[in-house]
>>> print(open('input.cif').read())   # mmCIF, C-alpha atoms and all ligand atoms
data_model
#
loop_
_atom_site.label_atom_id
_atom_site.label_comp_id
_atom_site.auth_asym_id
_atom_site.auth_seq_id
_atom_site.Cartn_x
_atom_site.Cartn_y
_atom_site.Cartn_z
CA MET A 1 146.19 292.28 87.47
CA LYS A 2 147.38 289.08 85.84
CA PHE A 3 151.09 288.40 85.24
CA PHE A 4 152.13 286.38 82.23
CA VAL A 5 155.77 285.51 81.68
CA ASP A 6 157.06 286.21 78.19
CA THR A 7 159.42 283.34 77.48
CA ALA A 8 159.74 279.77 76.18
CA ASP A 9 162.45 278.97 78.74
CA VAL A 10 160.88 276.23 80.87
CA ASP A 11 163.37 276.65 83.73
CA ALA A 12 162.54 280.36 84.02
CA ILE A 13 158.80 279.55 83.89
CA ARG A 14 159.15 276.88 86.58
CA GLU A 15 161.13 279.19 88.91
CA LEU A 16 158.64 282.06 88.61
CA ASN A 17 155.68 279.67 88.85
CA ASP A 18 157.07 278.30 92.13
CA LEU A 19 157.23 281.90 93.41
CA GLY A 20 153.52 282.18 92.61
CA PHE A 21 153.76 284.91 89.98
CA VAL A 22 152.76 283.09 86.80
CA ASP A 23 149.14 283.49 85.73
CA GLY A 24 150.02 282.53 82.16
CA VAL A 25 152.76 282.43 79.52
CA THR A 26 153.27 284.12 76.16
CA THR A 27 155.63 282.92 73.46
CA ASN A 28 156.38 284.04 69.92
CA PRO A 29 158.57 282.68 67.09
CA SER A 30 161.59 284.66 68.35
CA LEU A 31 161.25 283.20 71.85
CA ILE A 32 160.80 279.68 70.43
CA LYS A 33 163.96 280.20 68.36
CA LYS A 34 165.82 281.36 71.48
CA SER A 35 164.73 278.20 73.33
CA GLY A 36 166.21 276.06 70.54
CA ARG A 37 163.27 273.66 70.86
CA ASP A 38 160.42 272.37 68.72
CA ILE A 39 157.33 274.58 69.12
CA LEU A 40 154.88 271.72 69.68
CA GLU A 41 157.11 269.99 72.21
CA VAL A 42 158.05 273.06 74.24
CA THR A 43 154.48 274.40 74.24
CA LYS A 44 153.24 271.05 75.58
CA GLU A 45 155.82 271.15 78.38
CA ILE A 46 154.89 274.74 79.30
CA CYS A 47 151.20 273.79 79.39
CA GLU A 48 152.03 271.00 81.84
CA ILE A 49 153.83 273.44 84.18
CA VAL A 50 151.30 276.29 84.09
CA ASP A 51 147.54 276.10 84.69
CA GLY A 52 146.77 279.46 83.03
CA PRO A 53 146.67 280.49 79.37
CA VAL A 54 149.74 279.72 77.23
CA SER A 55 149.96 281.70 73.98
CA ALA A 56 151.51 279.90 71.00
CA GLU A 57 151.87 281.85 67.77
CA VAL A 58 151.14 280.74 64.22
CA VAL A 59 153.80 281.33 61.57
CA ALA A 60 151.57 281.32 58.47
CA LEU A 61 150.56 284.62 56.92
CA GLU A 62 147.46 283.57 54.97
CA TYR A 63 144.01 282.92 56.40
CA ASP A 64 143.59 279.22 55.51
CA ALA A 65 147.05 278.27 56.72
CA MET A 66 146.65 280.36 59.89
CA VAL A 67 143.42 278.58 60.73
CA ALA A 68 145.01 275.16 60.14
CA GLU A 69 148.03 276.04 62.30
CA GLY A 70 145.80 277.52 65.00
CA ARG A 71 143.70 274.36 65.18
CA LYS A 72 146.85 272.24 65.47
CA LEU A 73 148.30 274.42 68.25
CA ALA A 74 144.98 274.27 70.12
CA GLN A 75 145.18 270.46 70.18
CA ILE A 76 148.34 270.59 72.33
CA ALA A 77 146.44 271.31 75.55
CA ASP A 78 143.24 272.89 76.84
CA ASN A 79 145.08 276.01 78.03
CA VAL A 80 146.63 276.91 74.67
CA VAL A 81 145.73 280.37 73.38
CA ILE A 82 146.25 280.79 69.64
CA LYS A 83 148.36 283.85 68.88
CA LEU A 84 147.68 285.57 65.57
CA PRO A 85 149.31 288.66 64.04
CA LEU A 86 147.30 291.83 63.58
CA THR A 87 146.74 291.67 59.83
CA LEU A 88 143.49 291.38 57.91
CA ASP A 89 144.13 287.65 57.44
CA GLY A 90 144.94 287.35 61.15
CA LEU A 91 141.72 289.13 62.13
CA LYS A 92 139.67 286.91 59.80
CA ALA A 93 141.34 283.82 61.30
CA CYS A 94 140.60 285.25 64.76
CA LYS A 95 136.88 285.45 63.98
CA THR A 96 136.82 281.88 62.65
CA LEU A 97 138.84 280.31 65.45
CA ALA A 98 137.02 282.30 68.16
CA SER A 99 133.68 281.11 66.75
CA GLU A 100 134.95 277.52 67.19
CA GLY A 101 135.49 278.26 70.89
CA HIS A 102 139.25 278.82 70.81
CA LYS A 103 140.93 281.57 72.81
CA ILE A 104 142.86 284.05 70.69
CA ASN A 105 145.66 286.50 71.45
CA VAL A 106 146.02 289.08 68.66
CA THR A 107 149.60 290.29 68.68
CA LEU A 108 151.78 293.02 67.16
CA CYS A 109 149.27 295.75 68.01
CA PHE A 110 150.64 299.28 67.68
CA SER A 111 147.51 301.42 67.40
CA ALA A 112 144.14 301.91 69.08
CA ASN A 113 142.33 301.24 65.80
CA GLN A 114 144.08 297.88 65.47
CA ALA A 115 142.93 297.05 69.01
CA LEU A 116 139.36 298.03 68.13
CA LEU A 117 139.38 295.66 65.15
CA ALA A 118 140.75 292.82 67.30
CA ALA A 119 137.92 293.29 69.82
CA LYS A 120 135.35 293.24 67.00
CA ALA A 121 136.97 290.03 65.68
CA GLY A 122 136.38 288.35 69.05
CA ALA A 123 139.93 288.30 70.41
CA THR A 124 140.31 287.09 73.98
CA PHE A 125 143.49 289.18 74.40
CA ILE A 126 144.98 292.11 72.52
CA SER A 127 148.75 292.53 72.80
CA PRO A 128 149.92 296.14 72.38
CA PHE A 129 153.74 296.29 72.30
CA ILE A 130 154.81 299.08 74.65
CA GLY A 131 158.60 298.82 74.43
CA ARG A 132 158.74 298.78 70.64
CA LEU A 133 156.70 302.01 70.50
CA ASP A 134 159.04 303.61 73.04
CA ASP A 135 161.94 302.44 70.83
CA ILE A 136 160.72 304.74 68.04
CA ASN A 137 160.07 307.69 70.38
CA LEU A 138 156.32 307.13 70.71
CA ASP A 139 154.64 306.49 74.05
CA GLY A 140 153.62 302.86 74.47
CA VAL A 141 151.85 303.52 77.76
CA ASP A 142 149.60 306.12 76.06
CA LEU A 143 148.42 303.37 73.72
CA ILE A 144 147.36 301.21 76.67
CA GLU A 145 145.38 304.17 78.03
CA ASP A 146 143.64 304.76 74.67
CA ILE A 147 142.68 301.10 74.33
CA ARG A 148 141.36 301.03 77.92
CA THR A 149 139.13 304.03 77.16
CA ILE A 150 137.82 302.57 73.89
CA TYR A 151 137.14 299.09 75.31
CA ASP A 152 135.37 300.58 78.35
CA ASN A 153 133.29 302.92 76.16
CA TYR A 154 131.76 299.96 74.35
CA GLY A 155 132.02 297.18 76.94
CA TYR A 156 134.40 295.02 74.90
CA GLU A 157 135.55 292.06 76.97
CA THR A 158 138.85 291.57 75.11
CA GLU A 159 141.58 291.73 77.74
CA ILE A 160 144.40 294.24 77.34
CA LEU A 161 147.62 292.24 77.56
CA ALA A 162 150.42 294.81 77.71
CA ALA A 163 153.44 293.29 75.96
CA SER A 164 157.00 294.23 75.07
CA ILE A 165 157.43 295.26 78.69
CA ARG A 166 161.03 296.24 79.31
CA THR A 167 161.05 297.88 82.75
CA VAL A 168 159.37 297.66 86.13
CA ASN A 169 158.07 301.20 85.52
CA HIS A 170 156.15 299.93 82.48
CA ILE A 171 154.35 297.54 84.84
CA THR A 172 153.50 300.30 87.33
CA GLU A 173 152.11 302.48 84.53
CA CYS A 174 150.06 299.62 83.10
CA ALA A 175 148.64 298.82 86.54
CA LYS A 176 147.67 302.48 87.08
CA ILE A 177 145.86 302.61 83.74
CA GLY A 178 144.08 299.30 84.28
CA ALA A 179 145.68 296.92 81.79
CA ASP A 180 144.17 293.50 82.49
CA VAL A 181 147.43 291.59 82.02
CA ILE A 182 151.11 292.32 81.59
CA THR A 183 153.52 289.93 79.95
CA ALA A 184 157.16 290.45 80.76
CA PRO A 185 160.45 288.58 80.93
CA ALA A 186 160.98 286.73 84.22
CA ASN A 187 163.84 289.03 85.25
CA VAL A 188 161.60 292.13 84.97
CA ILE A 189 158.88 290.52 87.10
CA LYS A 190 161.43 289.44 89.72
CA ALA A 191 162.97 292.95 89.73
CA MET A 192 159.64 294.32 91.02
CA ALA A 193 160.60 292.96 94.46
CA SER A 194 163.84 294.96 94.62
CA HIS A 195 164.32 298.24 96.45
CA VAL A 196 167.58 299.71 97.69
CA LEU A 197 165.96 300.73 100.98
CA THR A 198 164.67 297.18 101.51
CA ASP A 199 168.25 295.89 101.12
CA LYS A 200 169.63 298.59 103.43
CA GLY A 201 166.93 298.09 106.06
CA LEU A 202 167.35 294.31 106.01
CA ALA A 203 171.13 294.55 106.43
CA GLN A 204 170.56 296.64 109.57
CA PHE A 205 167.96 294.20 110.93
CA VAL A 206 170.31 291.25 110.34
CA LYS A 207 173.13 293.05 112.17
CA ASP A 208 170.91 294.04 115.09
CA ALA A 209 169.48 290.50 115.34
CA GLU A 210 173.00 289.10 115.54
CA ASP A 211 174.09 291.72 118.11
CA ALA A 212 171.04 291.01 120.26
CA GLY A 213 171.36 287.22 119.84
CA ILE A 214 167.74 286.98 118.68
CA LYS A 215 166.70 283.38 117.98
CA ILE A 216 163.17 282.33 117.03
CA VAL A 217 163.44 278.63 116.16
O1 LIG A 301 155.19 289.70 74.02
C1 LIG A 301 155.85 290.42 73.02
C2 LIG A 301 157.27 290.56 73.36
O2 LIG A 301 157.90 289.31 73.32
C3 LIG A 301 158.01 291.52 72.54
O3 LIG A 301 158.99 292.02 73.38
O4 LIG A 301 161.08 293.09 73.96
O5 LIG A 301 160.87 291.80 71.82
O6 LIG A 301 159.75 294.00 72.07
P1 LIG A 301 160.23 292.76 72.77
#
>>> encode(input="input.cif", output="structure tokens")
Amino acid sequence: MKFFVDTADVDAIRELNDLGFVDGVTTNPSLIKKSGRDILEVTKEICEIVDGPVSAEVVALEYDAMVAEGRKLAQIADNVVIKLPLTLDGLKACKTLASEGHKINVTLCFSANQALLAAKAGATFISPFIGRLDDINLDGVDLIEDIRTIYDNYGYETEILAASIRTVNHITECAKIGADVITAPANVIKAMASHVLTDKGLAQFVKDAEDAGIKIV
């Protein structure tokens, strides 16, 4: 399973990348706003830190403008993935840009039918938003399962990029179902390493090592 970090905070990306847990990065206009930086400049810096795919999202809503913005974003670096919203214009732009050889992440997916259209439009990644479905009392993880079934039924190669991940349990569920990628904030990915029994066990080992005077180097 690939781990993308969902942020435009270069310090957070660098820290997680040094830990070895960054296979790629996803951003969106809200995350760019939070960074307080220019989209072209911050995307370029992220692409220099990370070898894997870096999703940068268009802001236009109409096909022609989306295609123009997508082409400009793609010029930033070889590892840029153009992120397009799941609208009819976005899907049309996906088909055009994918046919030019660009990698596309179709975002704001909330239904299996939307995911099916994205696969037919040649998307490299589909981003179903788990947390936002949970927010309205639907089950985001069920959507990942439905998309997995549909893509496997027809051999679609579009990768399922589970997004809007809010908890470590979301990641476990996505891994069990077979999502190809998760994208999550750095703090959620780091929290996967935590367990109360690990902390308790380590405290005991530290105490016993001190009591026994164990020295290795
Ligand atoms: O990748 C999509 C993600 O940024 C949305 O997350 O928490 O705003 O629903 P959230």
>>> closest_atom_pairs(input="input.cif", of="stretch 102-171 of chain A", to="stretch 82-85 of chain A", cutoff="12 Å", atoms="all atoms listed in the file", output="JSON lines")
{"residue": "A:His102", "atom": "CA", "partner": "A:Ile82", "partner_atom": "CA", "distance": 7.4}
{"residue": "A:Lys103", "atom": "CA", "partner": "A:Ile82", "partner_atom": "CA", "distance": 6.2}
{"residue": "A:Ile104", "atom": "CA", "partner": "A:Ile82", "partner_atom": "CA", "distance": 4.8}
{"residue": "A:Asn105", "atom": "CA", "partner": "A:Lys83", "partner_atom": "CA", "distance": 4.6}
{"residue": "A:Val106", "atom": "CA", "partner": "A:Leu84", "partner_atom": "CA", "distance": 5.0}
{"residue": "A:Thr107", "atom": "CA", "partner": "A:Pro85", "partner_atom": "CA", "distance": 4.9}
{"residue": "A:Leu108", "atom": "CA", "partner": "A:Pro85", "partner_atom": "CA", "distance": 5.9}
{"residue": "A:Cys109", "atom": "CA", "partner": "A:Pro85", "partner_atom": "CA", "distance": 8.1}
{"residue": "A:Phe110", "atom": "CA", "partner": "A:Pro85", "partner_atom": "CA", "distance": 11.3}
{"residue": "A:Gln114", "atom": "CA", "partner": "A:Pro85", "partner_atom": "CA", "distance": 10.7}
{"residue": "A:Ala115", "atom": "CA", "partner": "A:Pro85", "partner_atom": "CA", "distance": 11.7}
{"residue": "A:Ala118", "atom": "CA", "partner": "A:Pro85", "partner_atom": "CA", "distance": 10.1}
{"residue": "A:Ala121", "atom": "CA", "partner": "A:Leu84", "partner_atom": "CA", "distance": 11.6}
{"residue": "A:Ala123", "atom": "CA", "partner": "A:Leu84", "partner_atom": "CA", "distance": 9.5}
{"residue": "A:Thr124", "atom": "CA", "partner": "A:Ile82", "partner_atom": "CA", "distance": 9.7}
{"residue": "A:Phe125", "atom": "CA", "partner": "A:Lys83", "partner_atom": "CA", "distance": 9.1}
{"residue": "A:Ile126", "atom": "CA", "partner": "A:Lys83", "partner_atom": "CA", "distance": 9.6}
{"residue": "A:Ser127", "atom": "CA", "partner": "A:Lys83", "partner_atom": "CA", "distance": 9.5}
{"residue": "A:Pro128", "atom": "CA", "partner": "A:Pro85", "partner_atom": "CA", "distance": 11.2}
>>> closest_atom_pairs(input="input.cif", of="chain A", to="ligand LIG 301 (chain A)", cutoff="7 Å", atoms="all atoms listed in the file", output="Markdown table")
| residue | atom | partner | partner_atom | distance |
| --- | --- | --- | --- | --- |
| A:Asp6 | CA | A:LIG301 | O1 | 5.8 |
| A:Thr26 | CA | A:LIG301 | O1 | 6.3 |
| A:Thr27 | CA | A:LIG301 | O2 | 6.8 |
| A:Asn28 | CA | A:LIG301 | O2 | 6.5 |
| A:Phe129 | CA | A:LIG301 | C1 | 6.3 |
| A:Gly131 | CA | A:LIG301 | O6 | 5.5 |
| A:Arg132 | CA | A:LIG301 | O6 | 5.1 |
| A:Ala163 | CA | A:LIG301 | O1 | 4.4 |
| A:Ser164 | CA | A:LIG301 | O3 | 3.4 |
| A:Ile165 | CA | A:LIG301 | O4 | 6.4 |
| A:Arg166 | CA | A:LIG301 | O4 | 6.2 |
| A:Thr183 | CA | A:LIG301 | O1 | 6.2 |
>>> closest_residue(input="input.cif", among="A:Ala8, A:Val80, A:Cys94, A:Leu116", to="A:Asp64", atoms="all atoms listed in the file")
A:Cys94
>>> closest_residue(input="input.cif", among="A:Ala98, A:Ala68, A:Ile39, A:Cys174", to="A:Ile147", atoms="only C-alpha atoms")
A:Cys174
>>> atom_distance(input="input.cif", atom1="atom CA of A:Val59", atom2="atom CA of A:Arg37")
15.3 Å
>>> residues_around(input="input.cif", residues="stretch 111-113 of chain A", least_positions_apart="5", cutoff="10 Å", atoms="only C-alpha atoms", output="mmCIF file with C-alpha atoms, keeping the file's coordinate frame")
data_model
loop_
_atom_site.group_PDB
_atom_site.id
_atom_site.type_symbol
_atom_site.label_atom_id
_atom_site.label_comp_id
_atom_site.auth_asym_id
_atom_site.auth_seq_id
_atom_site.Cartn_x
_atom_site.Cartn_y
_atom_site.Cartn_z
ATOM 1 C CA ALA A 118 140.750 292.820 67.300
ATOM 2 C CA ALA A 119 137.920 293.290 69.820
ATOM 3 C CA PRO A 128 149.920 296.140 72.380
ATOM 4 C CA PHE A 129 153.740 296.290 72.300
ATOM 5 C CA LEU A 133 156.700 302.010 70.500
ATOM 6 C CA GLY A 140 153.620 302.860 74.470
ATOM 7 C CA ASP A 142 149.600 306.120 76.060
ATOM 8 C CA LEU A 143 148.420 303.370 73.720
ATOM 9 C CA ILE A 144 147.360 301.210 76.670
ATOM 10 C CA GLU A 145 145.380 304.170 78.030
ATOM 11 C CA ASP A 146 143.640 304.760 74.670
ATOM 12 C CA ILE A 147 142.680 301.100 74.330
ATOM 13 C CA ARG A 148 141.360 301.030 77.920
ATOM 14 C CA THR A 149 139.130 304.030 77.160
ATOM 15 C CA ILE A 150 137.820 302.570 73.890
ATOM 16 C CA TYR A 151 137.140 299.090 75.310
#
>>> residues_around(input="input.cif", residues="A:Glu173", least_positions_apart="2", cutoff="12 Å", atoms="all atoms listed in the file", output="list of chain:residue names")
A:Ile130, A:Asp139, A:Gly140, A:Val141, A:Asp142, A:Leu143, A:Ile144, A:Glu145, A:Ala162, A:Ile165, A:Thr167, A:Val168, A:Asn169, A:His170, A:Ile171, A:Ala175, A:Lys176, A:Ile177, A:Gly178, A:Ala179, A:Ile182
>>> atom_distance(input="input.cif", atom1="atom CA of A:Leu16", atom2="atom CA of A:Ala184")
11.6 Å
>>> closest_residue(input="input.cif", among="A:Leu86, A:Pro185, A:Tyr154, A:Val67", to="A:Ser99", atoms="only C-alpha atoms")
A:Val67
>>> atom_distance(input="input.cif", atom1="atom CA of A:Glu62", atom2="atom CA of A:Asp89")
5.8 Å
>>> residues_around(input="input.cif", residues="A:Arg14", least_positions_apart="2", cutoff="12 Å", atoms="all atoms listed in the file", output="list in words")
Val5, Thr7, Ala8, Asp9, Val10, Asp11, Ala12, Leu16, Asn17, Asp18, Leu19, Gly20, Phe21, Val22, Gly24, Val25, Glu45, Ile46, Cys47, Glu48, Ile49, Val50, Asp51 and Ala186 of chain A
>>> closest_residue(input="input.cif", among="A:Ala74, A:Val81, A:Glu15, A:Leu61", to="A:Ala93", atoms="only C-alpha atoms")
A:Leu61
>>> closest_residue(input="input.cif", among="A:Gly122, A:Pro29, A:Gly90, A:Gly101", to="A:Thr158", atoms="all atoms listed in the file")
A:Gly122
>>> closest_residue(input="input.cif", among="A:Ile216, A:Leu73, A:Leu202, A:Leu88", to="A:Leu40", atoms="all atoms listed in the file")
A:Leu73
>>> decode(input="input.cif", residues="stretch 19-51 of chain A", atoms="N, CA and C atoms", output="mmCIF file, in the first residue's frame")
data_model
loop_
_atom_site.group_PDB
_atom_site.id
_atom_site.type_symbol
_atom_site.label_atom_id
_atom_site.label_comp_id
_atom_site.auth_asym_id
_atom_site.auth_seq_id
_atom_site.Cartn_x
_atom_site.Cartn_y
_atom_site.Cartn_z
ATOM 1 N N LEU A 19 11.445 9.881 7.524
ATOM 2 C CA LEU A 19 11.079 8.644 8.218
ATOM 3 C C LEU A 19 10.856 7.498 7.227
ATOM 4 N N GLY A 20 10.715 7.835 5.954
ATOM 5 C CA GLY A 20 10.558 6.808 4.918
ATOM 6 C C GLY A 20 9.112 6.452 4.603
ATOM 7 N N PHE A 21 8.175 7.334 5.006
ATOM 8 C CA PHE A 21 6.761 6.995 4.817
ATOM 9 C C PHE A 21 6.049 7.862 3.784
ATOM 10 N N VAL A 22 6.792 8.485 2.893
ATOM 11 C CA VAL A 22 6.128 9.321 1.886
ATOM 12 C C VAL A 22 6.348 8.736 0.496
ATOM 13 N N ASP A 23 5.273 8.140 -0.045
ATOM 14 C CA ASP A 23 5.337 7.647 -1.427
ATOM 15 C C ASP A 23 4.835 8.705 -2.399
ATOM 16 N N GLY A 24 4.204 9.752 -1.868
ATOM 17 C CA GLY A 24 3.677 10.813 -2.714
ATOM 18 C C GLY A 24 3.005 11.856 -1.838
ATOM 19 N N VAL A 25 2.506 12.910 -2.482
ATOM 20 C CA VAL A 25 1.876 14.028 -1.762
ATOM 21 C C VAL A 25 0.594 14.414 -2.494
ATOM 22 N N THR A 26 -0.424 14.785 -1.728
ATOM 23 C CA THR A 26 -1.624 15.381 -2.338
ATOM 24 C C THR A 26 -1.843 16.754 -1.725
ATOM 25 N N THR A 27 -2.257 17.680 -2.576
ATOM 26 C CA THR A 27 -2.618 19.018 -2.096
ATOM 27 C C THR A 27 -3.981 19.356 -2.696
ATOM 28 N N ASN A 28 -4.569 20.403 -2.191
ATOM 29 C CA ASN A 28 -5.811 20.933 -2.761
ATOM 30 C C ASN A 28 -5.833 22.429 -2.451
ATOM 31 N N PRO A 29 -6.781 23.195 -3.001
ATOM 32 C CA PRO A 29 -6.760 24.642 -2.766
ATOM 33 C C PRO A 29 -6.828 25.017 -1.279
ATOM 34 N N SER A 30 -7.527 24.224 -0.480
ATOM 35 C CA SER A 30 -7.609 24.536 0.955
ATOM 36 C C SER A 30 -6.246 24.354 1.627
ATOM 37 N N LEU A 31 -5.525 23.316 1.221
ATOM 38 C CA LEU A 31 -4.202 23.068 1.821
ATOM 39 C C LEU A 31 -3.179 24.108 1.345
ATOM 40 N N ILE A 32 -3.326 24.545 0.087
ATOM 41 C CA ILE A 32 -2.440 25.616 -0.417
ATOM 42 C C ILE A 32 -2.720 26.902 0.362
ATOM 43 N N LYS A 33 -4.002 27.182 0.587
ATOM 44 C CA LYS A 33 -4.371 28.386 1.359
ATOM 45 C C LYS A 33 -3.753 28.316 2.759
ATOM 46 N N LYS A 34 -3.860 27.138 3.381
ATOM 47 C CA LYS A 34 -3.316 26.955 4.734
ATOM 48 C C LYS A 34 -1.795 27.184 4.759
ATOM 49 N N SER A 35 -1.120 26.816 3.675
ATOM 50 C CA SER A 35 0.339 26.993 3.633
ATOM 51 C C SER A 35 0.716 28.466 3.497
ATOM 52 N N GLY A 36 -0.214 29.281 2.993
ATOM 53 C CA GLY A 36 0.052 30.707 2.796
ATOM 54 C C GLY A 36 1.015 30.978 1.656
ATOM 55 N N ARG A 37 1.235 29.984 0.786
ATOM 56 C CA ARG A 37 2.244 30.152 -0.264
ATOM 57 C C ARG A 37 1.626 30.113 -1.656
ATOM 58 N N ASP A 38 2.412 30.528 -2.633
ATOM 59 C CA ASP A 38 1.989 30.497 -4.029
ATOM 60 C C ASP A 38 1.963 29.034 -4.505
ATOM 61 N N ILE A 39 0.909 28.654 -5.209
ATOM 62 C CA ILE A 39 0.755 27.239 -5.603
ATOM 63 C C ILE A 39 1.918 26.730 -6.464
ATOM 64 N N LEU A 40 2.372 27.557 -7.409
ATOM 65 C CA LEU A 40 3.423 27.089 -8.317
ATOM 66 C C LEU A 40 4.738 26.896 -7.563
ATOM 67 N N GLU A 41 4.998 27.862 -6.655
ATOM 68 C CA GLU A 41 6.253 27.840 -5.906
ATOM 69 C C GLU A 41 6.287 26.679 -4.896
ATOM 70 N N VAL A 42 5.189 26.515 -4.156
ATOM 71 C CA VAL A 42 5.205 25.460 -3.134
ATOM 72 C C VAL A 42 5.164 24.071 -3.784
ATOM 73 N N THR A 43 4.452 23.947 -4.902
ATOM 74 C CA THR A 43 4.402 22.643 -5.584
ATOM 75 C C THR A 43 5.789 22.262 -6.097
ATOM 76 N N LYS A 44 6.511 23.260 -6.615
ATOM 77 C CA LYS A 44 7.878 22.998 -7.114
ATOM 78 C C LYS A 44 8.764 22.504 -5.963
ATOM 79 N N GLU A 45 8.650 23.172 -4.803
ATOM 80 C CA GLU A 45 9.481 22.767 -3.662
ATOM 81 C C GLU A 45 9.129 21.339 -3.207
ATOM 82 N N ILE A 46 7.833 21.041 -3.178
ATOM 83 C CA ILE A 46 7.416 19.681 -2.763
ATOM 84 C C ILE A 46 7.980 18.643 -3.741
ATOM 85 N N CYS A 47 7.912 18.964 -5.032
ATOM 86 C CA CYS A 47 8.410 18.025 -6.050
ATOM 87 C C CYS A 47 9.916 17.803 -5.938
ATOM 88 N N GLU A 48 10.623 18.775 -5.370
ATOM 89 C CA GLU A 48 12.065 18.602 -5.183
ATOM 90 C C GLU A 48 12.365 17.711 -3.967
ATOM 91 N N ILE A 49 11.430 17.702 -3.002
ATOM 92 C CA ILE A 49 11.642 16.886 -1.782
ATOM 93 C C ILE A 49 11.281 15.425 -2.035
ATOM 94 N N VAL A 50 10.179 15.222 -2.771
ATOM 95 C CA VAL A 50 9.580 13.883 -2.903
ATOM 96 C C VAL A 50 9.775 13.350 -4.318
ATOM 97 N N ASP A 51 10.155 12.076 -4.412
ATOM 98 C CA ASP A 51 10.329 11.466 -5.748
ATOM 99 C C ASP A 51 8.986 11.062 -6.363
#
